[in-house]
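Listing of work27.cif; format and content: mmCIF, N, CA and C atoms.
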```
data_coords
#
loop_
_atom_site.label_atom_id
_atom_site.label_comp_id
_atom_site.auth_asym_id
_atom_site.auth_seq_id
_atom_site.Cartn_x
_atom_site.Cartn_y
_atom_site.Cartn_z
N MET A 763 113.79 132.36 111.89
CA MET A 763 113.34 131.66 110.69
C MET A 763 113.13 130.18 111.01
N VAL A 764 112.02 129.64 110.61
CA VAL A 764 111.67 128.25 110.86
C VAL A 764 112.17 127.39 109.72
N ALA A 765 112.79 126.27 110.07
CA ALA A 765 113.28 125.35 109.04
C ALA A 765 112.10 124.64 108.41
N MET A 766 112.06 124.62 107.08
CA MET A 766 110.93 123.99 106.41
C MET A 766 111.17 122.50 106.20
N VAL A 767 112.43 122.08 106.06
CA VAL A 767 112.74 120.67 105.84
C VAL A 767 113.03 120.03 107.19
N GLU A 768 112.22 119.04 107.54
CA GLU A 768 112.43 118.35 108.81
C GLU A 768 113.59 117.37 108.67
N SER A 769 113.57 116.57 107.60
CA SER A 769 114.66 115.62 107.38
C SER A 769 114.76 115.29 105.89
N MET A 770 115.95 114.89 105.50
CA MET A 770 116.21 114.48 104.12
C MET A 770 117.04 113.22 104.18
N THR A 771 116.60 112.20 103.46
CA THR A 771 117.29 110.91 103.44
C THR A 771 117.69 110.58 102.02
N ILE A 772 118.94 110.18 101.84
CA ILE A 772 119.39 109.69 100.54
C ILE A 772 119.05 108.20 100.49
N LYS A 773 118.12 107.84 99.63
CA LYS A 773 117.66 106.45 99.53
C LYS A 773 118.63 105.60 98.70
N LYS A 774 119.11 106.19 97.58
CA LYS A 774 119.94 105.39 96.67
C LYS A 774 120.74 106.33 95.78
N ILE A 775 121.98 105.93 95.46
CA ILE A 775 122.80 106.65 94.49
C ILE A 775 123.23 105.66 93.43
N GLN A 776 122.97 106.01 92.16
CA GLN A 776 123.32 105.13 91.04
C GLN A 776 124.28 105.86 90.10
N THR A 777 125.18 105.09 89.50
CA THR A 777 126.03 105.65 88.46
C THR A 777 125.62 105.04 87.14
N GLY A 778 125.74 105.79 86.10
CA GLY A 778 125.41 105.36 84.75
C GLY A 778 125.97 106.41 83.82
N ASP A 779 125.13 106.99 82.97
CA ASP A 779 125.57 108.12 82.16
C ASP A 779 125.85 109.32 83.06
N THR A 780 125.05 109.48 84.10
CA THR A 780 125.24 110.53 85.11
C THR A 780 125.02 109.91 86.49
N LEU A 781 125.38 110.67 87.51
CA LEU A 781 125.12 110.24 88.87
C LEU A 781 123.68 110.58 89.20
N ILE A 782 122.90 109.60 89.69
CA ILE A 782 121.49 109.79 90.01
C ILE A 782 121.32 109.59 91.52
N ILE A 783 120.76 110.60 92.18
CA ILE A 783 120.57 110.57 93.63
C ILE A 783 119.08 110.55 93.92
N ASP A 784 118.58 109.47 94.53
CA ASP A 784 117.17 109.37 94.94
C ASP A 784 117.07 109.76 96.40
N THR A 785 116.22 110.75 96.70
CA THR A 785 116.07 111.23 98.07
C THR A 785 114.61 111.28 98.49
N GLU A 786 114.42 111.35 99.79
CA GLU A 786 113.09 111.51 100.38
C GLU A 786 113.16 112.67 101.35
N VAL A 787 112.27 113.64 101.21
CA VAL A 787 112.27 114.83 102.05
C VAL A 787 110.96 114.93 102.81
N TRP A 788 111.06 115.08 104.14
CA TRP A 788 109.89 115.32 104.98
C TRP A 788 109.84 116.81 105.28
N MET A 789 108.74 117.44 104.89
CA MET A 789 108.54 118.88 105.09
C MET A 789 107.73 119.11 106.36
N ASN A 790 107.91 120.28 106.97
CA ASN A 790 107.17 120.63 108.18
C ASN A 790 105.77 121.15 107.89
N ASN A 791 105.59 121.78 106.73
CA ASN A 791 104.34 122.45 106.45
C ASN A 791 104.01 122.33 104.97
N PRO A 792 102.78 122.01 104.60
CA PRO A 792 102.44 121.89 103.18
C PRO A 792 102.49 123.22 102.43
N GLU A 793 102.53 124.34 103.14
CA GLU A 793 102.59 125.65 102.51
C GLU A 793 104.01 126.09 102.15
N ASP A 794 105.02 125.32 102.56
CA ASP A 794 106.41 125.67 102.25
C ASP A 794 106.66 125.54 100.77
N GLN A 795 107.14 126.62 100.16
CA GLN A 795 107.40 126.63 98.72
C GLN A 795 108.90 126.69 98.41
N GLN A 796 109.74 126.98 99.37
CA GLN A 796 111.17 127.12 99.15
C GLN A 796 111.88 125.81 99.43
N PHE A 797 112.66 125.35 98.45
CA PHE A 797 113.51 124.17 98.65
C PHE A 797 114.71 124.36 97.74
N SER A 798 115.88 124.61 98.32
CA SER A 798 117.07 124.92 97.54
C SER A 798 118.25 124.09 98.00
N PRO A 799 118.33 122.82 97.57
CA PRO A 799 119.47 121.99 97.98
C PRO A 799 120.72 122.35 97.17
N ARG A 800 121.87 122.17 97.78
CA ARG A 800 123.15 122.35 97.11
C ARG A 800 124.00 121.11 97.37
N LEU A 801 124.74 120.67 96.36
CA LEU A 801 125.56 119.47 96.46
C LEU A 801 127.04 119.85 96.56
N SER A 802 127.78 119.15 97.41
CA SER A 802 129.22 119.33 97.49
C SER A 802 129.86 118.02 97.94
N VAL A 803 131.16 117.89 97.67
CA VAL A 803 131.91 116.73 98.11
C VAL A 803 132.90 117.19 99.16
N VAL A 804 132.83 116.59 100.35
CA VAL A 804 133.70 116.91 101.47
C VAL A 804 134.32 115.62 101.99
N GLU A 805 135.62 115.48 101.83
CA GLU A 805 136.37 114.32 102.34
C GLU A 805 135.74 112.99 101.92
N GLY A 806 135.39 112.85 100.66
CA GLY A 806 134.86 111.60 100.14
C GLY A 806 133.38 111.37 100.42
N ASN A 807 132.71 112.36 100.97
CA ASN A 807 131.27 112.27 101.24
C ASN A 807 130.51 113.27 100.39
N LEU A 808 129.38 112.84 99.85
CA LEU A 808 128.48 113.75 99.17
C LEU A 808 127.62 114.40 100.24
N VAL A 809 127.64 115.73 100.30
CA VAL A 809 126.91 116.47 101.32
C VAL A 809 125.85 117.32 100.64
N ILE A 810 124.60 117.21 101.10
CA ILE A 810 123.51 118.04 100.60
C ILE A 810 123.19 119.07 101.67
N THR A 811 123.30 120.36 101.30
CA THR A 811 123.05 121.44 102.24
C THR A 811 121.89 122.29 101.77
N ASN A 812 121.35 123.07 102.68
CA ASN A 812 120.27 124.01 102.38
C ASN A 812 120.91 125.33 101.96
N ALA A 813 120.53 125.86 100.80
CA ALA A 813 121.12 127.10 100.30
C ALA A 813 120.76 128.30 101.17
N ASP A 814 119.61 128.27 101.83
CA ASP A 814 119.17 129.41 102.65
C ASP A 814 120.05 129.64 103.87
N ASN A 815 120.33 128.57 104.63
CA ASN A 815 121.07 128.75 105.88
C ASN A 815 122.34 127.91 105.98
N GLY A 816 122.64 127.09 104.96
CA GLY A 816 123.87 126.30 104.95
C GLY A 816 123.85 125.07 105.84
N SER A 817 122.69 124.72 106.41
CA SER A 817 122.61 123.54 107.27
C SER A 817 122.71 122.27 106.44
N VAL A 818 123.34 121.25 107.00
CA VAL A 818 123.50 119.97 106.32
C VAL A 818 122.20 119.19 106.42
N LEU A 819 121.65 118.82 105.25
CA LEU A 819 120.41 118.04 105.21
C LEU A 819 120.69 116.55 105.22
N SER A 820 121.75 116.13 104.50
CA SER A 820 122.06 114.71 104.42
C SER A 820 123.47 114.54 103.88
N SER A 821 124.06 113.38 104.13
CA SER A 821 125.38 113.06 103.56
C SER A 821 125.46 111.58 103.25
N PHE A 822 126.37 111.24 102.34
CA PHE A 822 126.50 109.86 101.87
C PHE A 822 127.96 109.60 101.52
N GLU A 823 128.52 108.48 101.99
CA GLU A 823 129.91 108.13 101.68
C GLU A 823 129.98 107.60 100.24
N LEU A 824 130.87 108.18 99.44
CA LEU A 824 130.96 107.84 98.03
C LEU A 824 131.99 106.75 97.77
N SER A 825 131.68 105.89 96.80
CA SER A 825 132.64 104.88 96.36
C SER A 825 133.59 105.51 95.35
N THR A 826 134.64 104.79 94.97
CA THR A 826 135.60 105.30 93.98
C THR A 826 134.93 105.54 92.64
N GLU A 827 134.05 104.62 92.25
CA GLU A 827 133.33 104.76 90.98
C GLU A 827 132.47 106.02 90.96
N MET A 828 131.79 106.29 92.09
CA MET A 828 130.96 107.48 92.19
C MET A 828 131.81 108.75 92.14
N MET A 829 132.97 108.74 92.80
CA MET A 829 133.87 109.90 92.79
C MET A 829 134.37 110.18 91.37
N GLN A 830 134.69 109.13 90.62
CA GLN A 830 135.14 109.30 89.24
C GLN A 830 134.04 109.93 88.39
N GLN A 831 132.80 109.49 88.59
CA GLN A 831 131.66 110.04 87.85
C GLN A 831 131.47 111.53 88.19
N ILE A 832 131.62 111.87 89.45
CA ILE A 832 131.47 113.27 89.88
C ILE A 832 132.57 114.13 89.30
N GLU A 833 133.81 113.64 89.33
CA GLU A 833 134.93 114.41 88.78
C GLU A 833 134.77 114.62 87.28
N LYS A 834 134.17 113.65 86.60
CA LYS A 834 133.95 113.76 85.16
C LYS A 834 132.83 114.75 84.82
N ASP A 835 131.68 114.61 85.49
CA ASP A 835 130.49 115.40 85.15
C ASP A 835 130.38 116.71 85.94
N ARG A 836 130.80 116.68 87.20
CA ARG A 836 130.63 117.81 88.12
C ARG A 836 129.16 118.22 88.29
N SER A 837 128.26 117.27 88.08
CA SER A 837 126.83 117.49 88.31
C SER A 837 126.16 116.15 88.59
N ALA A 838 124.94 116.21 89.10
CA ALA A 838 124.18 115.00 89.40
C ALA A 838 122.71 115.26 89.19
N GLU A 839 121.99 114.21 88.82
CA GLU A 839 120.53 114.30 88.71
C GLU A 839 119.96 113.94 90.07
N VAL A 840 119.13 114.83 90.60
CA VAL A 840 118.55 114.63 91.92
C VAL A 840 117.05 114.40 91.78
N LYS A 841 116.57 113.29 92.34
CA LYS A 841 115.14 112.99 92.35
C LYS A 841 114.67 113.09 93.80
N VAL A 842 113.62 113.88 94.02
CA VAL A 842 113.14 114.13 95.37
C VAL A 842 111.68 113.70 95.48
N LYS A 843 111.38 112.95 96.52
CA LYS A 843 110.00 112.59 96.84
C LYS A 843 109.64 113.39 98.10
N PHE A 844 108.70 114.33 97.96
CA PHE A 844 108.29 115.18 99.08
C PHE A 844 107.17 114.52 99.86
N GLN A 845 107.26 114.64 101.18
CA GLN A 845 106.19 114.17 102.05
C GLN A 845 105.99 115.19 103.16
N VAL A 846 104.75 115.33 103.62
CA VAL A 846 104.42 116.28 104.67
C VAL A 846 103.69 115.54 105.77
N HIS A 847 104.13 115.74 107.01
CA HIS A 847 103.44 115.10 108.14
C HIS A 847 102.00 115.59 108.19
N GLY A 848 101.09 114.66 108.37
CA GLY A 848 99.67 114.99 108.39
C GLY A 848 99.02 114.74 107.04
N PHE A 849 99.84 114.76 105.98
CA PHE A 849 99.32 114.49 104.63
C PHE A 849 99.74 113.09 104.17
N HIS A 850 100.94 112.70 104.53
CA HIS A 850 101.48 111.43 104.06
C HIS A 850 101.81 110.55 105.25
N GLY A 851 102.09 109.33 104.97
CA GLY A 851 102.36 108.38 106.04
C GLY A 851 101.38 107.24 105.94
N ARG A 852 100.95 106.76 107.06
CA ARG A 852 100.05 105.61 107.09
C ARG A 852 98.60 106.07 106.94
N LEU A 853 97.92 105.49 105.97
CA LEU A 853 96.50 105.80 105.75
C LEU A 853 95.69 104.79 106.57
N ASN A 854 95.07 105.29 107.63
CA ASN A 854 94.35 104.40 108.54
C ASN A 854 92.96 104.03 108.03
N THR A 855 92.27 104.96 107.39
CA THR A 855 90.93 104.71 106.90
C THR A 855 90.96 104.69 105.38
N ILE A 856 90.59 103.58 104.78
CA ILE A 856 90.58 103.49 103.32
C ILE A 856 89.21 103.92 102.84
N HIS A 857 89.21 104.88 101.92
CA HIS A 857 87.98 105.39 101.34
C HIS A 857 87.87 104.86 99.92
N PRO A 858 87.03 103.89 99.70
CA PRO A 858 86.96 103.29 98.36
C PRO A 858 86.33 104.22 97.34
N ILE A 859 86.83 104.14 96.12
CA ILE A 859 86.19 104.83 95.01
C ILE A 859 85.23 103.80 94.43
N ILE A 860 83.95 103.96 94.69
CA ILE A 860 82.96 102.94 94.38
C ILE A 860 82.90 102.64 92.89
N ALA A 861 83.02 103.66 92.06
CA ALA A 861 82.92 103.47 90.61
C ALA A 861 84.05 102.58 90.08
N LEU A 862 85.22 102.66 90.69
CA LEU A 862 86.37 101.90 90.20
C LEU A 862 86.63 100.64 91.02
N GLY A 863 86.09 100.58 92.20
CA GLY A 863 86.33 99.43 93.06
C GLY A 863 87.72 99.44 93.66
N LYS A 864 88.37 100.63 93.70
CA LYS A 864 89.72 100.74 94.25
C LYS A 864 89.73 101.76 95.38
N ALA A 865 90.79 101.72 96.18
CA ALA A 865 90.94 102.69 97.27
C ALA A 865 91.72 103.90 96.78
N LYS A 866 91.44 105.05 97.39
CA LYS A 866 92.17 106.27 97.05
C LYS A 866 93.62 106.15 97.50
N LYS A 867 94.51 106.76 96.73
CA LYS A 867 95.92 106.78 97.08
C LYS A 867 96.31 108.22 97.38
N LEU A 868 97.13 108.41 98.40
CA LEU A 868 97.58 109.75 98.73
C LEU A 868 98.54 110.27 97.66
N ALA A 869 98.47 111.56 97.39
CA ALA A 869 99.35 112.17 96.39
C ALA A 869 100.80 112.13 96.86
N GLU A 870 101.69 111.86 95.93
CA GLU A 870 103.12 111.85 96.23
C GLU A 870 103.83 112.81 95.28
N PRO A 871 104.02 114.07 95.68
CA PRO A 871 104.69 115.01 94.80
C PRO A 871 106.16 114.65 94.63
N ARG A 872 106.63 114.73 93.41
CA ARG A 872 108.02 114.40 93.10
C ARG A 872 108.64 115.54 92.31
N TRP A 873 109.97 115.60 92.38
CA TRP A 873 110.71 116.68 91.76
C TRP A 873 112.00 116.10 91.21
N LYS A 874 112.44 116.52 90.04
CA LYS A 874 113.67 116.01 89.43
C LYS A 874 114.41 117.17 88.79
N THR A 875 115.71 117.27 89.07
CA THR A 875 116.51 118.34 88.48
C THR A 875 117.98 117.91 88.43
N THR A 876 118.79 118.66 87.71
CA THR A 876 120.23 118.43 87.66
C THR A 876 120.90 119.58 88.40
N LEU A 877 121.74 119.23 89.37
CA LEU A 877 122.42 120.24 90.19
C LEU A 877 123.93 120.12 90.03
N PRO A 878 124.65 121.24 90.04
CA PRO A 878 126.12 121.17 90.00
C PRO A 878 126.65 120.68 91.33
N ILE A 879 127.82 120.05 91.30
CA ILE A 879 128.46 119.56 92.51
C ILE A 879 129.74 120.36 92.74
N GLU A 880 129.84 120.93 93.92
CA GLU A 880 131.03 121.71 94.28
C GLU A 880 132.08 120.78 94.89
N LEU A 881 133.26 120.79 94.31
CA LEU A 881 134.34 119.93 94.82
C LEU A 881 135.29 120.70 95.72
#
```
Can you present the structure in this file as structure tokens?
Amino acid sequence: MVAMVESMTIKKIQTGDTLIIDTEVWMNNPEDQQFSPRLSVVEGNLVITNADNGSVLSSFELSTEMMQQIEKDRSAEVKVKFQVHGFHGRLNTIHPIIALGKAKKLAEPRWKTTLPIEL
């Protein structure tokens, strides 16, 4: 089985009403439709694993405030920005939209959900 997620980076974690996790995921293939992250806390670190094979995608050291929020809610809002090599990255040739006088922007698919956290 080929891994569809090349890498996952936790960009930012915020506390407020709920814990909000901003991530960036690089996919291997634009045809990949399966993405099943799972959240857990291991020794003070938030660990994101792949539900299919249990591999660790990313981890983040939690502060005391973040741990208190997790213990209270036992869930987090996860925001994911998907990118695929060959589709995203540096745009070398700008193709202007003549009618608008602006350049085309590459699509940035995003996903947002609330996931339970296993303690």
Legend entry - Gap from CA of Gly816 (chain A) to CA of Trp788 (chain A) - Å, one decimal: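 Separation of CA of Gly816 (chain A) and CA of Trp788 (chain A): 17.8 Å.
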Inset, instruction - Run through the PyMOL selection byres (((chain A and resi 821-825 and name CA) around 9) and name CA) on the given coordinates and return the selected residues as a list in words. - result: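 Written out, the selection comes to Thr771, Ile772, Ile775, Val803, Glu805, Gly806, Asn807, Leu808, Val809, Ile810, Thr811, Val818, Leu819, Ser820, Thr826, Glu827, Met828, Met829 and Gln830 of chain A.
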Inset, instruction - Write down as a PyMOL selection string the residues of region 776-857 of chain A whose backbone DSSP state falls under strand (DSSP E). - result: chain A and resi 776+781-789+799-804+807-812+818-823+837-846
Legend entry - Selected residue of minimal separation from Leu881 (chain A) among A:Phe844, A:Ser837, A:Asn791, A:Gln776, counting only C-alpha atoms: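 Smallest distance to Leu881 (chain A) is found for A:Ser837.
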Legend entry - Atomic distance CA of Met766 (chain A) - atom C of Ile832 (chain A), expressed in Å with one decimal: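 Between CA of Met766 (chain A) and atom C of Ile832 (chain A) the gap is 29.3 Å.
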Test item: the PyMOL selection byres (((chain A and resi 877 and name CA) around 7) and name CA) resolved as a compact mmCIF listing (two decimals) with N, CA and C atoms, keeping the file's coordinate frame:
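After the write, result_10.txt holds the following:
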```txt
# COMPACT_ATOMS: atom_id res chain seq x y z
N SER A 837 128.26 117.27 88.08
CA SER A 837 126.83 117.49 88.31
C SER A 837 126.16 116.15 88.59
N ALA A 838 124.94 116.21 89.10
CA ALA A 838 124.18 115.00 89.40
C ALA A 838 122.71 115.26 89.19
N GLU A 839 121.99 114.21 88.82
CA GLU A 839 120.53 114.30 88.71
C GLU A 839 119.96 113.94 90.07
N THR A 875 115.71 117.27 89.07
CA THR A 875 116.51 118.34 88.48
C THR A 875 117.98 117.91 88.43
N THR A 876 118.79 118.66 87.71
CA THR A 876 120.23 118.43 87.66
C THR A 876 120.90 119.58 88.40
N PRO A 878 124.65 121.24 90.04
CA PRO A 878 126.12 121.17 90.00
C PRO A 878 126.65 120.68 91.33
N ILE A 879 127.82 120.05 91.30
CA ILE A 879 128.46 119.56 92.51
C ILE A 879 129.74 120.36 92.74
```
Legend entry - Point-to-point distance from CA of Trp873 (chain A) to CA of Val767 (chain A), Å rounded to tenths: 14.8 Å
Inset, instruction - Please identify all polymer residues within 6 Å of Met789 (chain A), counting all atoms listed in the file, omitting same-chain residues fewer than 5 positions from it, and present them as a PyMOL selection string. - result: chain A and resi 766-769+845-847
Inset, instruction - Name every residue that the PyMOL selection byres ((chain A and resi 843) around 5) selects in this structure, writing the answer as a PyMOL selection string with chains first and numbers rising. - result: chain A and resi 785-787+841-842+844-845+871-872
How big is the axis-aligned box around the listed atoms of region 779-784 of chain A once 5 Å is added on each side, and where is its centre? Give both in Å to one decimal, as JSON.
```
{"center_x": 121.5, "center_y": 108.8, "center_z": 89.3, "size_x": 18.8, "size_y": 13.7, "size_z": 24.2}
```
Inset, instruction - Select, from A:Val840, A:Lys773, A:Asn812, A:Asp784, the residue with the minimum atom-to-atom distance to Ser798 (chain A), counting only C-alpha atoms. - result: A:Asn812
Inset, instruction - In the coordinate frame of the file, compute which residues have an atom within 5 Å of (129.9, 113.3, 88.6) when using only N, CA and C atoms, and state them as a PyMOL selection string. - result: chain A and resi 831-837
